file final.txt (compact mmCIF, C-alpha atoms)
# COMPACT_ATOMS: atom_id res chain seq x y z
CA MET A 261 100.42 65.12 72.52
CA PHE A 262 103.09 66.10 75.07
CA ASN A 263 104.79 68.47 72.62
CA CYS A 264 101.51 70.26 71.89
CA PHE A 265 100.81 70.62 75.64
CA TYR A 266 104.34 71.92 76.24
CA ALA A 267 104.05 74.41 73.36
CA ASN A 268 100.77 75.74 74.79
CA LYS A 269 102.40 76.23 78.18
CA ILE A 270 105.25 78.21 76.60
CA LEU A 271 102.78 80.38 74.66
CA GLN A 272 100.75 80.97 77.81
CA MET A 273 103.84 81.93 79.78
CA THR A 274 104.86 84.33 77.05
CA LYS A 275 101.39 85.88 77.16
CA THR A 276 101.63 86.20 80.95
CA GLU A 277 105.07 87.78 80.77
CA GLU A 278 103.85 90.24 78.14
CA GLU A 279 100.79 91.13 80.22
CA PHE A 280 102.93 91.60 83.30
CA GLN A 281 105.36 93.84 81.42
CA THR A 282 102.48 95.99 80.16
CA GLU A 283 101.06 96.48 83.66
CA ILE A 284 104.49 96.95 85.22
CA GLN A 285 105.25 99.66 82.67
CA ALA A 286 102.04 101.49 83.64
CA CYS A 287 103.04 101.31 87.32
CA ARG A 288 106.62 102.33 86.58
CA ASP A 289 105.58 105.28 84.39
CA LEU A 290 103.38 106.69 87.15
CA PHE A 291 106.08 106.09 89.77
CA GLU A 292 108.67 107.89 87.67
CA LYS A 293 106.38 110.87 87.04
CA LYS A 294 105.58 111.18 90.74
CA SER A 295 109.30 110.87 91.53
CA ARG A 296 109.96 113.79 89.20
CA ASP A 297 107.21 115.80 90.92
CA TYR A 298 107.88 114.89 94.56
CA GLY A 299 111.36 113.39 94.66
CA THR A 300 111.71 110.70 97.29
CA SER A 301 109.56 112.40 99.93
CA TRP A 302 108.32 108.88 100.75
CA ARG A 303 111.70 108.18 102.38
CA ILE A 304 110.29 109.81 105.54
CA LEU A 305 107.75 106.98 105.90
CA ARG A 306 108.39 104.07 108.23
CA LEU A 307 107.35 100.58 107.09
CA PRO A 308 104.16 100.49 109.23
CA SER A 309 103.07 103.75 107.58
CA LEU A 310 103.56 102.22 104.14
CA THR A 311 101.64 99.13 105.24
CA ASP A 312 98.79 101.36 106.40
CA GLN A 313 98.84 103.30 103.11
CA ILE A 314 98.47 100.05 101.16
CA PHE A 315 95.72 99.00 103.60
CA ILE A 316 93.80 102.21 102.85
CA LYS A 317 93.93 101.47 99.11
CA ALA A 318 92.85 97.83 99.50
CA SER A 319 90.06 98.77 101.92
CA ARG A 320 88.71 101.33 99.47
CA ILE A 321 88.67 98.74 96.68
CA ARG A 322 86.84 96.25 98.89
CA SER A 323 84.29 98.90 99.89
CA ILE A 324 83.62 99.69 96.22
CA GLU A 325 83.38 95.96 95.41
CA GLU A 326 80.85 95.44 98.21
CA THR A 327 78.71 98.56 97.78
CA GLY A 328 79.08 99.21 94.07
CA GLU A 329 79.49 102.90 94.95
CA ASN A 330 82.48 105.06 94.10
CA LYS A 331 81.77 108.58 95.32
CA ILE A 332 85.18 110.17 94.67
CA GLY A 333 85.46 108.72 91.18
CA ASP A 334 89.09 107.55 91.28
CA SER A 335 89.37 104.19 89.57
CA THR A 336 90.09 100.96 91.40
CA ARG A 337 92.69 100.36 88.69
CA GLY A 338 94.57 103.37 90.04
CA GLU A 339 94.41 101.90 93.54
CA TYR A 340 95.98 98.61 92.38
CA ILE A 341 98.75 100.60 90.67
CA ALA A 342 99.25 102.55 93.90
CA MET A 343 99.50 99.31 95.89
CA VAL A 344 102.20 98.03 93.53
CA ASN A 345 104.15 101.25 93.89
CA TYR A 346 103.79 101.55 97.67
CA ALA A 347 104.84 97.91 98.10
CA VAL A 348 107.92 98.54 95.94
CA ILE A 349 108.66 101.61 98.08
CA ALA A 350 108.41 99.39 101.17
CA LEU A 351 110.91 96.94 99.68
CA ILE A 352 113.26 99.83 98.88
CA GLN A 353 112.89 101.24 102.39
CA MET A 354 113.74 97.81 103.86
CA GLU A 355 117.19 97.96 102.28
CA MET A 356 117.84 101.62 103.15
CA THR A 357 119.65 102.64 106.30
CA ASP A 358 119.83 105.88 108.27
CA ALA A 359 123.11 106.52 106.44
CA ASP A 360 121.29 106.71 103.10
CA PRO A 361 120.16 110.19 102.07
CA GLU A 362 116.50 111.09 102.30
CA GLU A 363 116.52 112.50 98.78
CA LEU A 364 117.74 110.01 96.19
CA PRO A 365 118.64 110.91 92.60
CA LEU A 366 116.00 109.85 90.07
CA GLU A 367 118.37 107.40 88.35
CA ARG A 368 119.09 105.57 91.63
CA THR A 369 115.43 105.61 92.61
CA MET A 370 114.38 104.02 89.33
CA ALA A 371 117.22 101.48 89.48
CA LEU A 372 116.01 100.41 92.94
CA TYR A 373 112.42 100.28 91.69
CA ASP A 374 113.44 98.07 88.75
CA LYS A 375 115.56 95.81 90.96
CA HIS A 376 112.72 95.06 93.34
CA LEU A 377 110.12 94.61 90.62
CA GLN A 378 112.41 92.22 88.72
CA ARG A 379 112.90 90.12 91.88
CA THR A 380 109.16 90.10 92.47
CA VAL A 381 108.33 89.09 88.90
CA ARG A 382 110.85 86.24 89.07
CA LEU A 383 109.04 85.01 92.19
CA MET A 384 105.71 85.29 90.35
CA LEU A 385 106.98 83.31 87.37
CA ASP A 386 108.21 80.52 89.64
CA LYS A 387 104.94 80.42 91.56
CA ASN A 388 102.93 80.77 88.36
CA HIS A 389 104.67 77.71 86.99
CA ASP A 390 103.95 75.68 90.11
CA TYR A 391 100.34 76.81 90.49
CA GLY A 392 99.46 76.60 86.78
CA GLU A 393 98.15 80.17 86.45
CA ALA A 394 95.33 79.50 88.93
CA TRP A 395 94.97 83.27 89.40
CA ARG A 396 93.33 83.48 85.97
CA GLN A 397 90.37 81.54 87.41
CA MET A 398 90.13 83.68 90.53
CA ARG A 399 87.77 86.58 91.09
CA VAL A 400 89.40 90.01 91.38
CA SER A 401 87.47 90.45 94.64
CA SER A 402 89.11 87.29 96.05
CA MET A 403 92.53 88.69 95.24
CA THR A 404 91.56 91.93 97.01
CA ASP A 405 90.73 89.82 100.08
CA LEU A 406 94.09 88.04 99.81
CA ILE A 407 95.87 91.40 99.71
CA LEU A 408 93.99 92.48 102.85
CA MET A 409 94.94 89.20 104.55
CA LYS A 410 98.61 89.74 103.62
CA LEU A 411 98.38 93.24 105.09
CA LYS A 412 96.93 91.93 108.36
CA ARG A 413 99.83 89.45 108.56
CA ILE A 414 102.38 92.18 107.83
CA LYS A 415 100.81 94.39 110.53
CA GLN A 416 101.01 91.54 113.03
CA ILE A 417 104.68 90.94 112.19
CA GLU A 418 105.37 94.67 112.51
CA ASP A 419 103.60 94.73 115.88
CA ASN A 420 105.87 91.84 116.94
CA GLN A 421 108.96 93.87 115.95
CA GLY A 422 109.57 91.63 112.95
CA LYS A 423 109.85 88.41 114.93
CA THR A 424 108.24 85.33 113.39
CA LEU A 425 108.29 81.64 114.21
CA VAL A 426 107.60 80.12 110.79
CA SER A 427 106.43 82.97 108.56
CA GLU A 428 108.29 84.36 105.56
CA GLY A 429 108.29 87.87 106.99
CA VAL A 430 107.19 91.20 105.61
CA GLU A 431 109.32 91.14 102.46
CA GLY A 432 107.44 88.12 101.09
CA GLY A 433 104.15 89.75 102.01
CA TYR A 434 104.97 92.92 100.10
CA MET A 435 106.07 90.87 97.08
CA ASP A 436 102.81 88.91 97.16
CA ILE A 437 100.84 92.18 97.32
CA ILE A 438 102.66 93.40 94.22
CA ASN A 439 101.92 90.21 92.35
CA TYR A 440 98.25 90.01 93.41
CA SER A 441 97.82 93.66 92.39
CA LEU A 442 99.39 92.96 89.00
CA PHE A 443 97.13 89.91 88.58
CA CYS A 444 94.14 92.16 89.29
CA LEU A 445 95.32 94.73 86.76
CA ILE A 446 95.67 92.05 84.10
CA ARG A 447 92.25 90.58 84.89
CA MET A 448 90.68 94.07 84.77
CA THR A 449 92.35 94.78 81.42
CA GLU A 450 90.82 91.54 80.13
CA GLY A 451 87.43 92.77 81.35
CA ASN A 452 87.16 90.41 84.33
CA CYS A 453 86.28 92.74 87.20
CA GLU A 454 84.09 90.47 89.30

call {"tool": "encode", "arguments": {"input": "final.txt", "output": "structure tokens"}}
result
Amino acid sequence: MFNCFYANKILQMTKTEEEFQTEIQACRDLFEKKSRDYGTSWRILRLPSLTDQIFIKASRIRSIEETGENKIGDSTRGEYIAMVNYAVIALIQMEMTDADPEELPLERTMALYDKHLQRTVRLMLDKNHDYGEAWRQMRVSSMTDLILMKLKRIKQIEDNQGKTLVSEGVEGGYMDIINYSLFCLIRMTEGNCE
């Protein structure tokens, strides 16, 4: 009995890893194409501006979820991809200094992107193990709310100049936003958009 249970867990984890890699590749492909078009123009943005950009995307998704109306026609899937990419940009910006150039070569940009996504996915796999893939039973709309809550926390930390008493800080918040967005993308691919 135990061996069968263990084998199912391994198969499920493999499925999750495969699903994550599929969605990450979609996010990465778009990021790379935009990097070829625009370079690293995003380097001009301060962290609060990136937080606000992610907030705009999450707010739009929530509005569409609540009203059922999408007047501009852009997909909510595209907004989740954008939130992944903006959160990765925020993580990259956190490690950059004023000494770093504003325009980064594509190879370095993509290496930084991969580095931060790999760290974030490792965190997800650890949490996924501990929480038993509870996200698969969650509504996409609940995960949208959790992203908005994370953003409110990040904004509060930013307003406090990064000082926290017990919180994990903005880095953990951005990583959670990436993972929640990827969960949503997987659930939407499976046809679970509620």

call {"tool": "closest_residue", "arguments": {"input": "final.txt", "among": "A:Val430, A:Met448, A:Leu310, A:Ile332", "to": "Glu418 of chain A", "atoms": "only C-alpha atoms"}}
result
A:Val430

call {"tool": "residues_around", "arguments": {"input": "final.txt", "residues": "Ile321 of chain A", "least_positions_apart": "4", "cutoff": "7 Å", "atoms": "only C-alpha atoms", "output": "list in words"}}
result
Lys317, Glu325 and Thr336 of chain A

call {"tool": "write_last_selection", "arguments": {"input": "final.txt", "atoms": "C-alpha atoms", "output": "PDB file, in the frame of the given file"}}
result
ATOM      1  CA  LYS A 317      93.930 101.470  99.110  1.00  0.00           C
ATOM      2  CA  GLU A 325      83.380  95.960  95.410  1.00  0.00           C
ATOM      3  CA  THR A 336      90.090 100.960  91.400  1.00  0.00           C
TER       4      THR A 336
END

call {"tool": "atom_distance", "arguments": {"input": "final.txt", "atom1": "atom CA of Thr327 of chain A", "atom2": "atom CA of Ile437 of chain A"}}
result
23.0 Å

call {"tool": "closest_atom_pairs", "arguments": {"input": "final.txt", "of": "segment 355-449 of chain A", "to": "segment 279-302 of chain A", "cutoff": "9 Å", "atoms": "all atoms listed in the file", "output": "CSV"}}
result
residue,atom,partner,partner_atom,distance
A:Glu362,CA,A:Thr300,CA,6.9
A:Glu363,CA,A:Thr300,CA,5.3
A:Leu364,CA,A:Thr300,CA,6.2
A:Pro365,CA,A:Gly299,CA,8.0
A:Leu366,CA,A:Ser295,CA,6.9
A:Thr369,CA,A:Thr300,CA,7.9
A:Met370,CA,A:Glu292,CA,7.1
A:Tyr373,CA,A:Arg288,CA,8.0
A:Asp374,CA,A:Arg288,CA,8.3
A:Leu377,CA,A:Ile284,CA,8.1
A:Val381,CA,A:Phe280,CA,8.2
A:Leu442,CA,A:Glu283,CA,6.6
A:Phe443,CA,A:Phe280,CA,8.0
A:Leu445,CA,A:Glu283,CA,6.8
A:Ile446,CA,A:Glu279,CA,6.5

call {"tool": "write_last_selection", "arguments": {"input": "final.txt", "atoms": "C-alpha atoms", "output": "PDB file, in the frame of the given file"}}
result
ATOM      1  CA  GLU A 362     116.500 111.090 102.300  1.00  0.00           C
ATOM      2  CA  GLU A 363     116.520 112.500  98.780  1.00  0.00           C
ATOM      3  CA  LEU A 364     117.740 110.010  96.190  1.00  0.00           C
ATOM      4  CA  PRO A 365     118.640 110.910  92.600  1.00  0.00           C
ATOM      5  CA  LEU A 366     116.000 109.850  90.070  1.00  0.00           C
ATOM      6  CA  THR A 369     115.430 105.610  92.610  1.00  0.00           C
ATOM      7  CA  MET A 370     114.380 104.020  89.330  1.00  0.00           C
ATOM      8  CA  TYR A 373     112.420 100.280  91.690  1.00  0.00           C
ATOM      9  CA  ASP A 374     113.440  98.070  88.750  1.00  0.00           C
ATOM     10  CA  LEU A 377     110.120  94.610  90.620  1.00  0.00           C
ATOM     11  CA  VAL A 381     108.330  89.090  88.900  1.00  0.00           C
ATOM     12  CA  LEU A 442      99.390  92.960  89.000  1.00  0.00           C
ATOM     13  CA  PHE A 443      97.130  89.910  88.580  1.00  0.00           C
ATOM     14  CA  LEU A 445      95.320  94.730  86.760  1.00  0.00           C
ATOM     15  CA  ILE A 446      95.670  92.050  84.100  1.00  0.00           C
TER      16      ILE A 446
END

call {"tool": "residues_around", "arguments": {"input": "final.txt", "residues": "Leu307 of chain A", "least_positions_apart": "2", "cutoff": "8 Å", "atoms": "only C-alpha atoms", "output": "list of chain:residue names"}}
result
A:Leu305, A:Ser309, A:Leu310, A:Thr311, A:Ala350, A:Gln353, A:Met354

call {"tool": "closest_residue", "arguments": {"input": "final.txt", "among": "A:Glu277, A:Glu326, A:Asp436, A:Asp312", "to": "Ser401 of chain A", "atoms": "only C-alpha atoms"}}
result
A:Glu326

call {"tool": "atom_distance", "arguments": {"input": "final.txt", "atom1": "atom CA of Glu428 of chain A", "atom2": "atom CA of Gly392 of chain A"}}
result
22.2 Å

call {"tool": "residues_around", "arguments": {"input": "final.txt", "residues": "Ser319 of chain A", "least_positions_apart": "6", "cutoff": "10 Å", "atoms": "only C-alpha atoms", "output": "list of chain:residue names"}}
result
A:Gln313, A:Glu325, A:Glu339, A:Thr404, A:Asp405, A:Ile407, A:Leu408

call {"tool": "residues_near_point", "arguments": {"input": "final.txt", "point": "(97.7, 85.6, 93.9)", "cutoff": "8 Å", "atoms": "all atoms listed in the file", "output": "list in words"}}
result
Trp395, Met403, Leu406, Asp436, Asn439, Tyr440 and Phe443 of chain A

call {"tool": "closest_residue", "arguments": {"input": "final.txt", "among": "A:Ile304, A:Leu411, A:Ala318, A:Ile417", "to": "Gly338 of chain A", "atoms": "all atoms listed in the file"}}
result
A:Ala318

call {"tool": "atom_distance", "arguments": {"input": "final.txt", "atom1": "atom CA of Ala342 of chain A", "atom2": "atom CA of Asn420 of chain A"}}
result
26.3 Å

call {"tool": "closest_residue", "arguments": {"input": "final.txt", "among": "A:Gln416, A:Arg303, A:Pro361, A:Ile324", "to": "Ile349 of chain A", "atoms": "all atoms listed in the file"}}
result
A:Arg303

call {"tool": "closest_residue", "arguments": {"input": "final.txt", "among": "A:Pro308, A:Met435, A:Lys331, A:Arg322", "to": "Lys387 of chain A", "atoms": "all atoms listed in the file"}}
result
A:Met435

call {"tool": "closest_residue", "arguments": {"input": "final.txt", "among": "A:Glu355, A:Asp390, A:Ile314, A:Arg396", "to": "Glu450 of chain A", "atoms": "all atoms listed in the file"}}
result
A:Arg396

call {"tool": "decode", "arguments": {"input": "final.txt", "residues": "segment 306-346 of chain A", "atoms": "N, CA and C atoms", "output": "tab-separated table (two decimals), in the first residue's frame"}}
result
chain	number	residue	atom	x	y	z
A	306	ARG	N	11.83	51.47	-10.92
A	306	ARG	CA	12.10	51.17	-9.52
A	306	ARG	C	11.15	50.06	-9.07
A	307	LEU	N	11.50	49.40	-7.96
A	307	LEU	CA	10.69	48.28	-7.49
A	307	LEU	C	9.22	48.66	-7.27
A	308	PRO	N	8.91	49.81	-6.63
A	308	PRO	CA	7.49	50.14	-6.47
A	308	PRO	C	6.75	50.27	-7.80
A	309	SER	N	7.43	50.71	-8.85
A	309	SER	CA	6.79	50.79	-10.16
A	309	SER	C	6.48	49.40	-10.71
A	310	LEU	N	7.38	48.46	-10.48
A	310	LEU	CA	7.13	47.08	-10.90
A	310	LEU	C	5.99	46.47	-10.10
A	311	THR	N	5.96	46.75	-8.80
A	311	THR	CA	4.86	46.28	-7.96
A	311	THR	C	3.54	46.81	-8.49
A	312	ASP	N	3.51	48.09	-8.82
A	312	ASP	CA	2.28	48.69	-9.34
A	312	ASP	C	1.89	48.10	-10.70
A	313	GLN	N	2.86	47.78	-11.53
A	313	GLN	CA	2.57	47.17	-12.83
A	313	GLN	C	1.92	45.80	-12.64
A	314	ILE	N	2.44	45.01	-11.70
A	314	ILE	CA	1.84	43.71	-11.41
A	314	ILE	C	0.44	43.91	-10.83
A	315	PHE	N	0.28	44.93	-9.98
A	315	PHE	CA	-1.02	45.24	-9.39
A	315	PHE	C	-2.06	45.55	-10.47
A	316	ILE	N	-1.65	46.31	-11.49
A	316	ILE	CA	-2.57	46.63	-12.59
A	316	ILE	C	-3.05	45.35	-13.27
A	317	LYS	N	-2.13	44.42	-13.52
A	317	LYS	CA	-2.49	43.16	-14.18
A	317	LYS	C	-3.45	42.34	-13.32
A	318	ALA	N	-3.13	42.20	-12.03
A	318	ALA	CA	-3.98	41.42	-11.14
A	318	ALA	C	-5.35	42.07	-10.95
A	319	SER	N	-5.39	43.38	-10.89
A	319	SER	CA	-6.66	44.10	-10.74
A	319	SER	C	-7.54	43.89	-11.96
A	320	ARG	N	-6.93	43.91	-13.14
A	320	ARG	CA	-7.70	43.69	-14.37
A	320	ARG	C	-8.30	42.29	-14.37
A	321	ILE	N	-7.50	41.29	-13.97
A	321	ILE	CA	-8.01	39.92	-13.93
A	321	ILE	C	-9.19	39.83	-12.97
A	322	ARG	N	-9.04	40.43	-11.79
A	322	ARG	CA	-10.13	40.37	-10.81
A	322	ARG	C	-11.39	41.05	-11.35
A	323	SER	N	-11.22	42.17	-12.01
A	323	SER	CA	-12.36	42.88	-12.59
A	323	SER	C	-13.08	41.99	-13.61
A	324	ILE	N	-12.32	41.32	-14.45
A	324	ILE	CA	-12.92	40.42	-15.45
A	324	ILE	C	-13.60	39.25	-14.76
A	325	GLU	N	-12.97	38.70	-13.70
A	325	GLU	CA	-13.58	37.60	-12.95
A	325	GLU	C	-14.91	38.02	-12.34
A	326	GLU	N	-14.97	39.24	-11.82
A	326	GLU	CA	-16.17	39.71	-11.13
A	326	GLU	C	-17.28	40.13	-12.09
A	327	THR	N	-16.91	40.78	-13.19
A	327	THR	CA	-17.93	41.32	-14.09
A	327	THR	C	-18.25	40.40	-15.27
A	328	GLY	N	-17.30	39.52	-15.60
A	328	GLY	CA	-17.47	38.67	-16.76
A	328	GLY	C	-17.26	39.42	-18.07
A	329	GLU	N	-16.85	40.69	-17.98
A	329	GLU	CA	-16.64	41.52	-19.17
A	329	GLU	C	-15.16	41.75	-19.42
A	330	ASN	N	-14.79	41.67	-20.71
A	330	ASN	CA	-13.42	41.91	-21.12
A	330	ASN	C	-13.48	42.77	-22.37
A	331	LYS	N	-13.49	44.09	-22.18
A	331	LYS	CA	-13.73	45.00	-23.30
A	331	LYS	C	-12.54	45.17	-24.24
A	332	ILE	N	-11.30	45.02	-23.73
A	332	ILE	CA	-10.16	45.20	-24.63
A	332	ILE	C	-9.74	43.89	-25.29
A	333	GLY	N	-10.24	42.77	-24.80
A	333	GLY	CA	-10.03	41.51	-25.48
A	333	GLY	C	-8.75	40.76	-25.15
A	334	ASP	N	-7.78	41.41	-24.51
A	334	ASP	CA	-6.55	40.68	-24.14
A	334	ASP	C	-6.91	39.59	-23.13
A	335	SER	N	-6.30	38.45	-23.27
A	335	SER	CA	-6.65	37.32	-22.42
A	335	SER	C	-6.12	37.48	-21.00
A	336	THR	N	-6.83	36.88	-20.06
A	336	THR	CA	-6.32	36.87	-18.68
A	336	THR	C	-5.07	35.98	-18.61
A	337	ARG	N	-4.99	34.99	-19.48
A	337	ARG	CA	-3.78	34.16	-19.54
A	337	ARG	C	-2.55	35.04	-19.78
A	338	GLY	N	-2.68	35.98	-20.70
A	338	GLY	CA	-1.58	36.89	-20.99
A	338	GLY	C	-1.22	37.74	-19.78
A	339	GLU	N	-2.20	38.08	-18.96
A	339	GLU	CA	-1.93	38.88	-17.76
A	339	GLU	C	-1.16	38.07	-16.72
A	340	TYR	N	-1.50	36.77	-16.58
A	340	TYR	CA	-0.73	35.92	-15.65
A	340	TYR	C	0.71	35.77	-16.12
A	341	ILE	N	0.89	35.61	-17.43
A	341	ILE	CA	2.25	35.53	-17.98
A	341	ILE	C	3.00	36.83	-17.69
A	342	ALA	N	2.33	37.96	-17.88
A	342	ALA	CA	2.95	39.25	-17.61
A	342	ALA	C	3.34	39.37	-16.14
A	343	MET	N	2.49	38.87	-15.24
A	343	MET	CA	2.82	38.95	-13.81
A	343	MET	C	4.05	38.11	-13.48
A	344	VAL	N	4.16	36.94	-14.10
A	344	VAL	CA	5.37	36.13	-13.91
A	344	VAL	C	6.58	36.93	-14.35
A	345	ASN	N	6.51	37.50	-15.54
A	345	ASN	CA	7.68	38.18	-16.10
A	345	ASN	C	8.02	39.47	-15.34
A	346	TYR	N	7.02	40.24	-14.93
A	346	TYR	CA	7.32	41.44	-14.15
A	346	TYR	C	7.88	41.08	-12.77
